[in-house]
$ cat entry09.txt   # compact mmCIF, C-alpha atoms (C1' of nucleotides)
# COMPACT_ATOMS: atom_id res chain seq x y z
CA MET A 1 80.25 94.92 103.83
CA LYS A 2 80.28 92.49 100.96
CA TRP A 3 83.34 92.20 98.87
CA HIS A 4 82.05 93.37 95.51
CA GLU A 5 80.88 96.63 97.06
CA LEU A 6 84.51 97.65 97.53
CA GLY A 7 84.92 98.23 93.81
CA ASP A 8 82.78 101.34 94.04
CA MET A 9 84.49 102.98 96.96
CA SER A 10 86.17 106.28 96.50
CA CYS A 11 89.41 105.03 98.03
CA PRO A 12 91.72 103.90 95.23
CA VAL A 13 93.30 101.27 97.49
CA ALA A 14 89.89 99.69 98.04
CA ARG A 15 89.21 99.71 94.31
CA SER A 16 92.58 98.11 93.60
CA LEU A 17 92.00 95.44 96.20
CA ALA A 18 88.54 94.69 94.83
CA ILE A 19 90.45 93.21 91.88
CA LEU A 20 93.79 92.19 93.35
CA GLY A 21 92.93 91.41 96.96
CA ASP A 22 92.62 87.66 97.13
CA ARG A 23 94.85 84.71 97.62
CA TRP A 24 95.75 84.06 93.99
CA THR A 25 95.34 87.07 91.77
CA LEU A 26 98.69 88.72 92.43
CA LEU A 27 100.45 85.38 92.06
CA ILE A 28 98.84 84.97 88.66
CA ILE A 29 100.07 88.43 87.74
CA ARG A 30 103.54 87.68 89.08
CA ASN A 31 103.70 84.67 86.76
CA ALA A 32 102.37 86.74 83.88
CA PHE A 33 105.37 89.03 84.37
CA MET A 34 107.56 85.94 84.21
CA ARG A 35 106.07 85.31 80.75
CA THR A 36 103.53 82.65 81.66
CA ARG A 37 100.61 82.99 79.28
CA ARG A 38 98.64 79.76 79.06
CA PHE A 39 96.01 78.23 81.25
CA GLU A 40 97.84 74.94 81.71
CA ASP A 41 101.08 76.67 82.56
CA PHE A 42 99.52 78.92 85.19
CA GLN A 43 97.79 75.91 86.67
CA LYS A 44 100.91 73.77 86.88
CA GLN A 45 103.17 76.53 88.13
CA LEU A 46 100.80 77.82 90.81
CA GLY A 47 99.08 74.62 91.92
CA ILE A 48 95.78 76.54 91.84
CA THR A 49 92.61 74.59 91.10
CA ARG A 50 91.42 74.81 87.51
CA HIS A 51 88.12 76.14 88.68
CA LEU A 52 89.58 79.08 90.52
CA LEU A 53 92.13 79.81 87.82
CA SER A 54 89.36 80.03 85.25
CA ASP A 55 87.41 82.37 87.48
CA ARG A 56 90.36 84.64 88.24
CA LEU A 57 91.57 84.86 84.66
CA SER A 58 88.06 85.79 83.53
CA ARG A 59 87.87 88.49 86.12
CA LEU A 60 91.23 89.92 85.15
CA VAL A 61 90.16 89.99 81.51
CA ASP A 62 86.90 91.63 82.51
CA LYS A 63 88.77 94.27 84.50
CA ASN A 64 91.19 94.91 81.65
CA VAL A 65 94.29 93.68 83.44
CA LEU A 66 94.79 90.74 81.07
CA LYS A 67 93.65 90.26 77.49
CA LYS A 68 92.95 87.04 75.61
CA VAL A 69 94.97 86.68 72.44
CA MET A 70 94.35 83.84 69.96
CA TYR A 71 97.56 81.98 69.25
CA GLN A 72 96.18 79.04 67.28
CA ASP A 73 93.22 78.89 64.94
CA SER A 74 92.10 75.29 64.89
CA PRO A 75 91.16 74.43 67.49
CA LYS A 76 90.99 78.00 68.73
CA ARG A 77 93.34 78.57 71.60
CA TYR A 78 93.88 81.72 73.56
CA GLU A 79 96.62 82.93 75.82
CA TYR A 80 96.52 85.62 78.46
CA ARG A 81 98.71 88.67 78.20
CA LEU A 82 99.13 91.71 80.38
CA THR A 83 97.41 94.83 79.10
CA GLU A 84 98.80 98.30 79.65
CA ALA A 85 96.95 98.40 82.99
CA GLY A 86 98.43 94.99 83.83
CA LEU A 87 101.96 96.07 82.98
CA ALA A 88 101.41 99.05 85.28
CA LEU A 89 101.18 96.58 88.17
CA TYR A 90 104.90 95.88 88.02
CA PRO A 91 105.61 98.21 90.94
CA VAL A 92 103.18 96.21 93.07
CA ILE A 93 105.04 92.97 92.37
CA LEU A 94 108.37 94.67 92.93
CA VAL A 95 107.53 96.18 96.31
CA LEU A 96 106.02 92.88 97.50
CA THR A 97 109.22 91.13 96.42
CA GLN A 98 111.34 93.52 98.39
CA TRP A 99 109.15 93.38 101.47
CA GLY A 100 109.18 89.59 101.45
CA ASN A 101 112.94 89.51 100.98
CA THR A 102 113.54 91.95 103.78
CA TRP A 103 110.99 90.96 106.42
CA LEU A 104 109.88 87.39 105.86
CA ASP A 105 112.91 85.25 106.27
CA GLU A 106 112.85 84.56 109.98
CA ASN A 107 115.02 81.51 109.82
CA GLY A 108 117.34 82.73 107.14
CA LYS A 109 116.32 79.75 105.12
CA HIS A 110 115.31 81.52 101.95
CA PRO A 111 117.98 82.88 99.66
CA PRO A 112 116.95 86.42 98.75
CA LEU A 113 115.65 86.95 95.26
CA GLU A 114 117.89 89.70 93.97
CA LEU A 115 116.95 91.82 91.00
CA VAL A 116 119.57 93.00 88.56
CA HIS A 117 118.77 96.22 86.73
CA LYS A 118 120.06 95.29 83.30
CA PRO A 119 120.72 98.83 82.00
CA CYS A 120 123.17 99.58 84.81
CA GLY A 121 124.17 96.02 85.63
CA HIS A 122 123.78 96.27 89.40
CA LYS A 123 121.66 94.46 91.93
CA THR A 124 119.05 97.00 92.85
CA ASP A 125 116.89 97.84 95.82
CA SER A 126 114.10 99.84 94.31
CA GLN A 127 113.22 103.09 96.01
CA LEU A 128 110.03 105.08 95.77
CA ARG A 129 110.87 108.66 94.95
CA CYS A 130 108.89 111.84 94.54
CA SER A 131 108.28 112.68 90.88
CA GLU A 132 108.71 116.38 91.70
CA CYS A 133 111.73 116.66 93.97
CA GLY A 134 113.31 113.22 93.57
CA GLU A 135 113.57 112.51 97.29
CA ALA A 136 112.65 109.10 98.76
CA LEU A 137 109.03 109.00 99.94
CA HIS A 138 108.02 108.14 103.51
CA ALA A 139 104.55 107.72 104.99
CA LYS A 140 104.95 110.57 107.46
CA ASP A 141 105.73 113.05 104.67
CA MET A 142 102.62 112.34 102.63
CA MET A 143 99.37 114.24 102.88
CA PRO A 144 96.33 112.91 101.01
CA VAL A 145 94.15 115.46 99.20
CA VAL A 146 90.93 114.61 97.41
CA ASP A 147 91.15 116.54 94.19
CA THR A 148 87.49 117.24 93.51
CA ALA A 149 88.41 119.87 90.95
CA ALA A 150 89.92 117.15 88.78
CA GLN A 151 86.72 115.12 88.80
CA ARG A 152 85.33 114.79 85.32
CA MET B 153 97.95 73.87 97.12
CA LYS B 154 96.56 75.06 100.41
CA TRP B 155 96.96 78.65 101.36
CA HIS B 156 99.14 78.33 104.45
CA GLU B 157 101.72 76.38 102.49
CA LEU B 158 102.56 79.54 100.55
CA GLY B 159 104.33 81.00 103.55
CA ASP B 160 107.18 78.56 103.10
CA MET B 161 107.78 79.11 99.43
CA SER B 162 111.08 80.51 98.30
CA CYS B 163 109.40 83.24 96.25
CA PRO B 164 109.24 86.40 98.35
CA VAL B 165 106.02 87.49 96.62
CA ALA B 166 104.35 84.26 97.72
CA ARG B 167 105.57 84.76 101.28
CA SER B 168 104.29 88.34 101.30
CA LEU B 169 100.92 87.27 99.97
CA ALA B 170 100.65 84.50 102.56
CA ILE B 171 100.19 87.38 105.03
CA LEU B 172 98.75 90.19 102.93
CA GLY B 173 96.83 88.33 100.25
CA ASP B 174 93.25 88.40 101.35
CA ARG B 175 90.31 90.69 101.09
CA TRP B 176 90.87 92.71 104.24
CA THR B 177 94.46 92.69 105.44
CA LEU B 178 95.79 95.46 103.25
CA LEU B 179 92.76 97.62 104.03
CA ILE B 180 93.48 97.18 107.73
CA ILE B 181 97.05 98.25 107.08
CA ARG B 182 95.91 101.21 104.98
CA ASN B 183 93.82 102.38 107.93
CA ALA B 184 96.71 101.79 110.31
CA PHE B 185 98.72 104.24 108.18
CA MET B 186 95.85 106.69 108.58
CA ARG B 187 96.37 106.41 112.34
CA THR B 188 93.58 104.01 113.18
CA ARG B 189 94.65 101.95 116.17
CA ARG B 190 91.69 100.49 118.00
CA PHE B 191 89.52 97.48 117.37
CA GLU B 192 86.27 99.43 117.37
CA ASP B 193 87.63 102.05 115.02
CA PHE B 194 88.89 99.52 112.50
CA GLN B 195 85.57 97.75 112.66
CA LYS B 196 83.47 100.86 112.11
CA GLN B 197 85.68 102.33 109.41
CA LEU B 198 86.02 99.14 107.38
CA GLY B 199 82.65 97.51 107.93
CA ILE B 200 84.48 94.21 108.47
CA THR B 201 82.88 91.65 110.77
CA ARG B 202 84.26 91.61 114.28
CA HIS B 203 85.13 87.97 113.94
CA LEU B 204 87.32 88.48 110.91
CA LEU B 205 88.88 91.65 112.25
CA SER B 206 89.92 89.79 115.39
CA ASP B 207 91.40 87.01 113.30
CA ARG B 208 93.30 89.34 110.97
CA LEU B 209 94.67 91.55 113.72
CA SER B 210 95.91 88.48 115.58
CA ARG B 211 97.62 87.21 112.49
CA LEU B 212 99.28 90.55 111.82
CA VAL B 213 100.55 90.65 115.41
CA ASP B 214 101.76 87.08 115.07
CA LYS B 215 103.61 87.96 111.87
CA ASN B 216 105.15 91.05 113.44
CA VAL B 217 103.40 93.57 111.20
CA LEU B 218 101.40 95.06 114.07
CA LYS B 219 102.09 95.14 117.80
CA LYS B 220 99.67 95.42 120.71
CA VAL B 221 100.36 98.36 122.97
CA MET B 222 98.52 98.84 126.26
CA TYR B 223 97.02 102.31 126.44
CA GLN B 224 94.92 101.93 129.59
CA ASP B 225 95.53 99.88 132.67
CA SER B 226 92.17 99.27 134.23
CA PRO B 227 90.48 97.71 132.46
CA LYS B 228 93.42 96.72 130.32
CA ARG B 229 93.01 97.99 126.79
CA TYR B 230 95.32 97.52 123.88
CA GLU B 231 95.73 99.26 120.59
CA TYR B 232 97.41 98.06 117.44
CA ARG B 233 100.38 99.87 115.98
CA LEU B 234 102.54 99.28 112.97
CA THR B 235 105.90 97.71 113.71
CA GLU B 236 109.00 98.49 111.70
CA ALA B 237 108.01 95.71 109.29
CA GLY B 238 104.52 97.20 109.10
CA LEU B 239 105.82 100.68 108.37
CA ALA B 240 107.89 99.14 105.60
CA LEU B 241 104.61 98.30 103.84
CA TYR B 242 104.01 101.93 102.97
CA PRO B 243 105.27 101.46 99.41
CA VAL B 244 102.67 98.72 98.91
CA ILE B 245 99.85 101.06 99.92
CA LEU B 246 101.30 103.85 97.82
CA VAL B 247 101.62 101.86 94.60
CA LEU B 248 98.11 100.43 95.06
CA THR B 249 96.82 103.98 95.52
CA GLN B 250 98.44 105.11 92.31
CA TRP B 251 97.30 102.11 90.32
CA GLY B 252 93.72 102.56 91.48
CA ASN B 253 93.80 106.27 90.71
CA THR B 254 95.20 105.70 87.25
CA TRP B 255 93.41 102.60 86.03
CA LEU B 256 90.21 102.09 87.99
CA ASP B 257 88.05 105.05 87.28
CA GLU B 258 86.19 103.91 84.21
CA ASN B 259 83.33 106.33 84.59
CA GLY B 260 85.36 109.24 85.83
CA LYS B 261 83.23 109.22 88.92
CA HIS B 262 85.96 109.06 91.51
CA PRO B 263 88.01 112.13 92.27
CA PRO B 264 91.63 111.04 92.33
CA LEU B 265 93.28 110.85 95.72
CA GLU B 266 96.30 113.06 95.28
CA LEU B 267 99.27 112.85 97.59
CA VAL B 268 101.19 115.95 98.54
CA HIS B 269 104.83 115.41 99.42
CA LYS B 270 105.08 117.78 102.36
CA PRO B 271 108.86 118.40 102.22
CA CYS B 272 108.65 119.77 98.67
CA GLY B 273 105.01 120.86 98.70
CA HIS B 274 104.02 119.29 95.38
CA LYS B 275 101.46 116.69 94.40
CA THR B 276 103.56 113.69 93.65
CA ASP B 277 103.39 110.63 91.44
CA SER B 278 105.76 108.25 93.09
CA GLN B 279 108.27 106.55 90.86
CA LEU B 280 110.24 103.40 91.49
CA ARG B 281 113.90 104.05 90.85
CA CYS B 282 117.05 101.96 90.86
CA SER B 283 119.02 102.43 94.07
CA GLU B 284 122.24 102.16 92.06
CA CYS B 285 121.78 104.29 88.95
CA GLY B 286 118.67 106.28 89.87
CA GLU B 287 116.76 105.46 86.68
CA ALA B 288 113.08 104.52 86.72
CA LEU B 289 112.58 100.75 86.88
CA HIS B 290 110.60 98.79 84.30
CA ALA B 291 109.70 95.11 84.25
CA LYS B 292 111.59 94.40 81.03
CA ASP B 293 114.86 95.72 82.48
CA MET B 294 114.83 93.49 85.54
CA MET B 295 116.53 90.13 85.80
CA PRO B 296 115.88 87.98 88.87
CA VAL B 297 118.87 86.21 90.43
CA VAL B 298 118.64 83.81 93.34
CA ASP B 299 121.52 84.77 95.54
CA THR B 300 122.37 81.42 97.10
CA ALA B 301 125.71 82.78 98.24
CA ALA B 302 123.90 85.19 100.55
CA GLN B 303 121.97 82.39 102.23
CA ARG B 304 122.87 82.19 105.87
C1' DC C 305 89.57 54.20 66.20
C1' DT C 306 92.28 55.58 70.00
C1' DC C 307 95.51 58.77 72.25
C1' DG C 308 97.06 63.21 73.50
C1' DT C 309 96.53 68.26 74.30
C1' DA C 310 94.59 72.81 75.71
C1' DA C 311 91.19 75.03 77.97
C1' DG C 312 87.92 74.79 80.43
C1' DT C 313 83.27 72.89 83.28
C1' DT C 314 80.80 69.91 86.66
C1' DC C 315 80.09 67.81 90.92
C1' DC C 316 80.80 67.23 95.66
C1' DT C 317 83.23 68.25 100.09
C1' DT C 318 85.65 71.31 103.19
C1' DT C 319 86.86 75.88 104.70
C1' DT C 320 85.94 80.81 105.13
C1' DT C 321 83.07 84.63 105.60
C1' DA C 322 78.87 87.32 106.88
C1' DG C 323 75.75 88.82 110.24
C1' DA C 324 73.87 89.02 114.50
C1' DA C 325 73.84 87.95 119.36
C1' DC C 326 76.33 87.21 123.43
C1' DC C 327 80.25 87.72 127.01
C1' DT C 328 83.53 90.12 130.26
C1' DA C 329 85.48 93.55 133.10
C1' DA C 330 85.51 98.10 134.70
C1' DG C 331 83.44 102.80 135.50
C1' DG C 332 79.67 105.93 136.33
C1' DA C 333 74.64 107.48 137.22
C1' DG C 334 70.81 107.20 140.05
C1' DC D 335 73.26 98.04 144.77
C1' DT D 336 71.38 97.93 140.03
C1' DC D 337 71.53 99.37 135.51
C1' DC D 338 73.89 101.31 131.56
C1' DT D 339 77.94 102.13 128.75
C1' DT D 340 82.45 101.10 126.59
C1' DA D 341 86.19 98.32 124.52
C1' DG D 342 87.48 94.22 122.86
C1' DG D 343 86.43 90.45 121.83
C1' DT D 344 83.81 85.16 121.22
C1' DT D 345 79.95 82.14 119.72
C1' DC D 346 76.47 80.68 116.67
C1' DT D 347 74.29 79.62 112.13
C1' DA D 348 73.79 80.26 107.24
C1' DA D 349 75.80 81.54 102.95
C1' DA D 350 79.68 81.92 99.92
C1' DA D 351 84.14 80.58 98.33
C1' DA D 352 87.79 77.27 97.73
C1' DG D 353 89.70 72.49 97.12
C1' DG D 354 89.96 68.16 94.55
C1' DA D 355 88.92 65.03 91.17
C1' DA D 356 86.56 63.65 87.08
C1' DC D 357 84.40 64.97 82.81
C1' DT D 358 83.86 67.72 78.22
C1' DT D 359 84.99 69.59 73.74
C1' DA D 360 87.45 70.19 69.61
C1' DC D 361 90.89 69.09 67.13
C1' DG D 362 95.35 66.54 65.18
C1' DA D 363 98.56 62.51 65.04
C1' DG D 364 99.43 57.65 64.50
$ encode --input "entry09.txt" --output "structure tokens"
Amino acid sequence: MKWHELGDMSCPVARSLAILGDRWTLLIIRNAFMRTRRFEDFQKQLGITRHLLSDRLSRLVDKNVLKKVMYQDSPKRYEYRLTEAGLALYPVILVLTQWGNTWLDENGKHPPLELVHKPCGHKTDSQLRCSECGEALHAKDMMPVVDTAAQR
Amino acid sequence: MKWHELGDMSCPVARSLAILGDRWTLLIIRNAFMRTRRFEDFQKQLGITRHLLSDRLSRLVDKNVLKKVMYQDSPKRYEYRLTEAGLALYPVILVLTQWGNTWLDENGKHPPLELVHKPCGHKTDSQLRCSECGEALHAKDMMPVVDTAAQR
DNA sequence: CTCGTAAGTTCCTTTTTAGAACCTAAGGAG
DNA sequence: CTCCTTAGGTTCTAAAAAGGAACTTACGAG
């Protein structure tokens, strides 16, 4: 199977990965959440080649994850900002942060990146909870159902 | 920057993506959560080339996300199962599912994949909540802190 | 006129991936 | 015994993607 064919699969994970599933895209989005907006800044911070950065940013704009916003008229300059769909990726960044903190520090050489939840002032470990009953969600408790009735 | 160098970065997202950030790895893990365990089954279900599947499975075993378990003695046959670290990736799969359902159905042609939370019996939209105060987490409320004191 | 800046684009090399064929070890049918 | 099947890979070649460095364009400052 070729990669671009994944975007049409019925599995939402496959569709998500058709956009996000490469070496750089989620790092670009991580930096976007840290308020990086300009081509040069992404390039310097990530060490990505200019070629690839250009390609990935274009794709993210095309897929409505980022939008180009003009910030200077002459010469015209644009910066990249997260759209609503892009902002909705925050949980992805957060769960990857927590997984990396928890499981990828074999030598204990990386200080954990803690996240303070400003409204309550505490260091937080995010938890995925059921929107209906509020309990923490675990793989074994979940049953997938294809909701054909909801298809428009 | 070369890809393998990412594994040593202090950012936990970069370390996570050094393992998970390619076209196939998270799809392999998605299928592992759907109880796929054998080489042939992964290959048929994903349409991945055998070469790449072999490479990715080896890497996941090496990184302690999957483990090889012998299920037949003669000839020796092994299957791949999620380790504790692998099971801890469920939130990643879940948030990618929800993002794909919500944002990647431009033509309304994909029926959403609903998830029923068996303990409460309802279709659920998972929410990320603060472990300390229980409120839903949003990017703008989070402040990263490098906890050097916790470094061993 | 030259320098600097932002946002790319071009060119060439190296690395990965795709796709198909081949290998190995054991078990069973004829 | 010989042939076929199964599971789990490995090998080969061609195509695609990524890396790295230099070049472009459009302006403004000195």
$ calpha_fit_and_write --input "entry09.txt" --fixed "chain A" --moving "chain B" --output "compact mmCIF listing (two decimals) with C-alpha atoms, in the frame of the given file"
# COMPACT_ATOMS: atom_id res chain seq x y z
CA MET B 153 80.27 94.98 103.86
CA LYS B 154 80.31 92.52 101.00
CA TRP B 155 83.40 92.22 98.92
CA HIS B 156 82.09 93.36 95.54
CA GLU B 157 80.89 96.61 97.05
CA LEU B 158 84.52 97.66 97.54
CA GLY B 159 84.92 98.25 93.83
CA ASP B 160 82.77 101.35 94.05
CA MET B 161 84.49 102.99 96.97
CA SER B 162 86.19 106.30 96.47
CA CYS B 163 89.43 105.05 98.01
CA PRO B 164 91.73 103.91 95.21
CA VAL B 165 93.32 101.28 97.47
CA ALA B 166 89.91 99.71 98.03
CA ARG B 167 89.22 99.71 94.30
CA SER B 168 92.59 98.11 93.59
CA LEU B 169 92.01 95.45 96.21
CA ALA B 170 88.54 94.70 94.84
CA ILE B 171 90.46 93.19 91.90
CA LEU B 172 93.80 92.17 93.38
CA GLY B 173 92.91 91.38 96.97
CA ASP B 174 92.61 87.65 97.14
CA ARG B 175 94.85 84.70 97.63
CA TRP B 176 95.73 84.04 94.01
CA THR B 177 95.33 87.07 91.77
CA LEU B 178 98.67 88.70 92.44
CA LEU B 179 100.45 85.36 92.07
CA ILE B 180 98.83 84.95 88.66
CA ILE B 181 100.06 88.41 87.75
CA ARG B 182 103.54 87.65 89.08
CA ASN B 183 103.68 84.64 86.77
CA ALA B 184 102.35 86.70 83.88
CA PHE B 185 105.36 88.99 84.37
CA MET B 186 107.54 85.89 84.20
CA ARG B 187 106.05 85.26 80.76
CA THR B 188 103.50 82.62 81.66
CA ARG B 189 100.58 82.93 79.27
CA ARG B 190 98.60 79.73 79.05
CA PHE B 191 95.95 78.20 81.25
CA GLU B 192 97.79 74.92 81.71
CA ASP B 193 101.04 76.64 82.56
CA PHE B 194 99.47 78.89 85.18
CA GLN B 195 97.74 75.89 86.67
CA LYS B 196 100.85 73.74 86.89
CA GLN B 197 103.13 76.50 88.12
CA LEU B 198 100.77 77.79 90.81
CA GLY B 199 99.05 74.62 91.92
CA ILE B 200 95.76 76.54 91.86
CA THR B 201 92.58 74.59 91.11
CA ARG B 202 91.40 74.82 87.54
CA HIS B 203 88.07 76.14 88.68
CA LEU B 204 89.55 79.09 90.51
CA LEU B 205 92.11 79.81 87.83
CA SER B 206 89.33 80.03 85.25
CA ASP B 207 87.39 82.37 87.49
CA ARG B 208 90.36 84.63 88.24
CA LEU B 209 91.55 84.84 84.65
CA SER B 210 88.04 85.77 83.53
CA ARG B 211 87.86 88.48 86.12
CA LEU B 212 91.24 89.89 85.15
CA VAL B 213 90.16 89.97 81.50
CA ASP B 214 86.90 91.61 82.51
CA LYS B 215 88.78 94.25 84.49
CA ASN B 216 91.19 94.88 81.63
CA VAL B 217 94.30 93.65 83.43
CA LEU B 218 94.77 90.71 81.06
CA LYS B 219 93.63 90.20 77.48
CA LYS B 220 92.94 86.99 75.58
CA VAL B 221 94.98 86.63 72.43
CA MET B 222 94.36 83.82 69.95
CA TYR B 223 97.57 81.97 69.21
CA GLN B 224 96.18 79.06 67.20
CA ASP B 225 93.24 78.91 64.87
CA SER B 226 92.15 75.32 64.77
CA PRO B 227 91.25 74.43 67.38
CA LYS B 228 91.02 77.98 68.64
CA ARG B 229 93.37 78.54 71.53
CA TYR B 230 93.88 81.67 73.52
CA GLU B 231 96.60 82.89 75.79
CA TYR B 232 96.50 85.57 78.43
CA ARG B 233 98.69 88.63 78.21
CA LEU B 234 99.12 91.67 80.37
CA THR B 235 97.40 94.79 79.10
CA GLU B 236 98.80 98.25 79.64
CA ALA B 237 96.96 98.36 82.97
CA GLY B 238 98.42 94.96 83.82
CA LEU B 239 101.95 96.03 82.98
CA ALA B 240 101.41 99.01 85.25
CA LEU B 241 101.18 96.54 88.15
CA TYR B 242 104.89 95.85 88.01
CA PRO B 243 105.61 98.19 90.92
CA VAL B 244 103.18 96.18 93.06
CA ILE B 245 105.06 92.95 92.36
CA LEU B 246 108.38 94.67 92.91
CA VAL B 247 107.55 96.18 96.29
CA LEU B 248 106.04 92.88 97.47
CA THR B 249 109.25 91.13 96.39
CA GLN B 250 111.37 93.53 98.38
CA TRP B 251 109.18 93.39 101.45
CA GLY B 252 109.22 89.60 101.45
CA ASN B 253 112.97 89.51 100.97
CA THR B 254 113.57 91.96 103.78
CA TRP B 255 111.03 90.98 106.41
CA LEU B 256 109.90 87.41 105.86
CA ASP B 257 112.93 85.26 106.29
CA GLU B 258 112.85 84.58 109.99
CA ASN B 259 115.00 81.49 109.84
CA GLY B 260 117.35 82.71 107.17
CA LYS B 261 116.32 79.75 105.11
CA HIS B 262 115.33 81.55 101.96
CA PRO B 263 117.99 82.92 99.66
CA PRO B 264 116.95 86.44 98.76
CA LEU B 265 115.67 86.97 95.25
CA GLU B 266 117.91 89.72 93.98
CA LEU B 267 116.96 91.84 91.01
CA VAL B 268 119.58 93.03 88.58
CA HIS B 269 118.80 96.25 86.77
CA LYS B 270 120.08 95.33 83.33
CA PRO B 271 120.72 98.87 82.03
CA CYS B 272 123.17 99.62 84.85
CA GLY B 273 124.18 96.05 85.67
CA HIS B 274 123.78 96.31 89.45
CA LYS B 275 121.64 94.48 91.96
CA THR B 276 119.05 97.02 92.87
CA ASP B 277 116.88 97.87 95.84
CA SER B 278 114.10 99.86 94.32
CA GLN B 279 113.22 103.11 96.02
CA LEU B 280 110.04 105.12 95.78
CA ARG B 281 110.88 108.70 94.96
CA CYS B 282 108.90 111.90 94.56
CA SER B 283 108.31 112.73 90.90
CA GLU B 284 108.71 116.42 91.73
CA CYS B 285 111.74 116.71 94.00
CA GLY B 286 113.31 113.27 93.59
CA GLU B 287 113.58 112.54 97.31
CA ALA B 288 112.67 109.15 98.77
CA LEU B 289 109.05 109.04 99.95
CA HIS B 290 108.03 108.17 103.51
CA ALA B 291 104.57 107.74 104.98
CA LYS B 292 104.96 110.60 107.46
CA ASP B 293 105.74 113.10 104.69
CA MET B 294 102.63 112.37 102.65
CA MET B 295 99.37 114.26 102.89
CA PRO B 296 96.34 112.93 101.02
CA VAL B 297 94.16 115.47 99.20
CA VAL B 298 90.94 114.62 97.41
CA ASP B 299 91.14 116.55 94.21
CA THR B 300 87.46 117.24 93.57
CA ALA B 301 88.39 119.90 91.04
CA ALA B 302 89.91 117.21 88.83
CA GLN B 303 86.71 115.18 88.82
CA ARG B 304 85.33 114.93 85.33
$ interface_residues --input "entry09.txt" --of "chain A" --to "chain B" --cutoff "6 Å" --atoms "only C-alpha atoms" --output "mmCIF file with C-alpha atoms, in the coordinates of the input"
data_model
loop_
_atom_site.group_PDB
_atom_site.id
_atom_site.type_symbol
_atom_site.label_atom_id
_atom_site.label_comp_id
_atom_site.auth_asym_id
_atom_site.auth_seq_id
_atom_site.Cartn_x
_atom_site.Cartn_y
_atom_site.Cartn_z
ATOM 1 C CA MET A 1 80.250 94.920 103.830
ATOM 2 C CA SER A 10 86.170 106.280 96.500
ATOM 3 C CA PRO A 12 91.720 103.900 95.230
ATOM 4 C CA VAL A 13 93.300 101.270 97.490
ATOM 5 C CA SER A 16 92.580 98.110 93.600
ATOM 6 C CA GLY A 21 92.930 91.410 96.960
ATOM 7 C CA ASP A 22 92.620 87.660 97.130
ATOM 8 C CA ARG A 23 94.850 84.710 97.620
ATOM 9 C CA GLY A 47 99.080 74.620 91.920
ATOM 10 C CA LEU A 96 106.020 92.880 97.500
ATOM 11 C CA THR A 97 109.220 91.130 96.420
ATOM 12 C CA GLY A 100 109.180 89.590 101.450
ATOM 13 C CA ASN A 101 112.940 89.510 100.980
ATOM 14 C CA GLY A 108 117.340 82.730 107.140
ATOM 15 C CA HIS A 110 115.310 81.520 101.950
ATOM 16 C CA PRO A 111 117.980 82.880 99.660
ATOM 17 C CA PRO A 112 116.950 86.420 98.750
ATOM 18 C CA LEU A 113 115.650 86.950 95.260
ATOM 19 C CA GLU A 114 117.890 89.700 93.970
ATOM 20 C CA LEU A 115 116.950 91.820 91.000
ATOM 21 C CA VAL A 116 119.570 93.000 88.560
ATOM 22 C CA HIS A 117 118.770 96.220 86.730
ATOM 23 C CA LYS A 118 120.060 95.290 83.300
ATOM 24 C CA THR A 124 119.050 97.000 92.850
ATOM 25 C CA ASP A 125 116.890 97.840 95.820
ATOM 26 C CA SER A 126 114.100 99.840 94.310
ATOM 27 C CA GLN A 127 113.220 103.090 96.010
ATOM 28 C CA LEU A 128 110.030 105.080 95.770
ATOM 29 C CA ARG A 129 110.870 108.660 94.950
ATOM 30 C CA CYS A 130 108.890 111.840 94.540
ATOM 31 C CA SER A 131 108.280 112.680 90.880
ATOM 32 C CA ASP A 141 105.730 113.050 104.670
ATOM 33 C CA MET A 142 102.620 112.340 102.630
ATOM 34 C CA MET A 143 99.370 114.240 102.880
ATOM 35 C CA PRO A 144 96.330 112.910 101.010
ATOM 36 C CA VAL A 145 94.150 115.460 99.200
ATOM 37 C CA VAL A 146 90.930 114.610 97.410
ATOM 38 C CA ASP A 147 91.150 116.540 94.190
ATOM 39 C CA THR A 148 87.490 117.240 93.510
ATOM 40 C CA GLN A 151 86.720 115.120 88.800
ATOM 41 C CA ARG A 152 85.330 114.790 85.320
#
$ closest_atom_pairs --input "entry09.txt" --of "chain C" --to "chain B" --cutoff "12 Å" --atoms "all atoms listed in the file" --output "CSV"
residue,atom,partner,partner_atom,distance
C:DT318,C1',B:Lys154,CA,11.9
C:DT319,C1',B:Lys154,CA,10.6
C:DT320,C1',B:Leu204,CA,9.7
C:DT321,C1',B:Leu204,CA,7.8
C:DA322,C1',B:Thr201,CA,7.1
C:DG323,C1',B:Thr201,CA,7.7
C:DA324,C1',B:Thr201,CA,10.1
C:DT328,C1',B:Pro227,CA,10.5
C:DA329,C1',B:Pro227,CA,6.5
C:DA330,C1',B:Pro227,CA,5.5
C:DG331,C1',B:Pro227,CA,9.2
$ write_last_selection --input "entry09.txt" --atoms "C-alpha atoms (C1' of nucleotides)" --output "PDB file, keeping the file's coordinate frame"
ATOM      1  C1'  DT C 318      85.650  71.310 103.190  1.00  0.00           C
ATOM      2  C1'  DT C 319      86.860  75.880 104.700  1.00  0.00           C
ATOM      3  C1'  DT C 320      85.940  80.810 105.130  1.00  0.00           C
ATOM      4  C1'  DT C 321      83.070  84.630 105.600  1.00  0.00           C
ATOM      5  C1'  DA C 322      78.870  87.320 106.880  1.00  0.00           C
ATOM      6  C1'  DG C 323      75.750  88.820 110.240  1.00  0.00           C
ATOM      7  C1'  DA C 324      73.870  89.020 114.500  1.00  0.00           C
ATOM      8  C1'  DT C 328      83.530  90.120 130.260  1.00  0.00           C
ATOM      9  C1'  DA C 329      85.480  93.550 133.100  1.00  0.00           C
ATOM     10  C1'  DA C 330      85.510  98.100 134.700  1.00  0.00           C
ATOM     11  C1'  DG C 331      83.440 102.800 135.500  1.00  0.00           C
TER      12       DG C 331
END
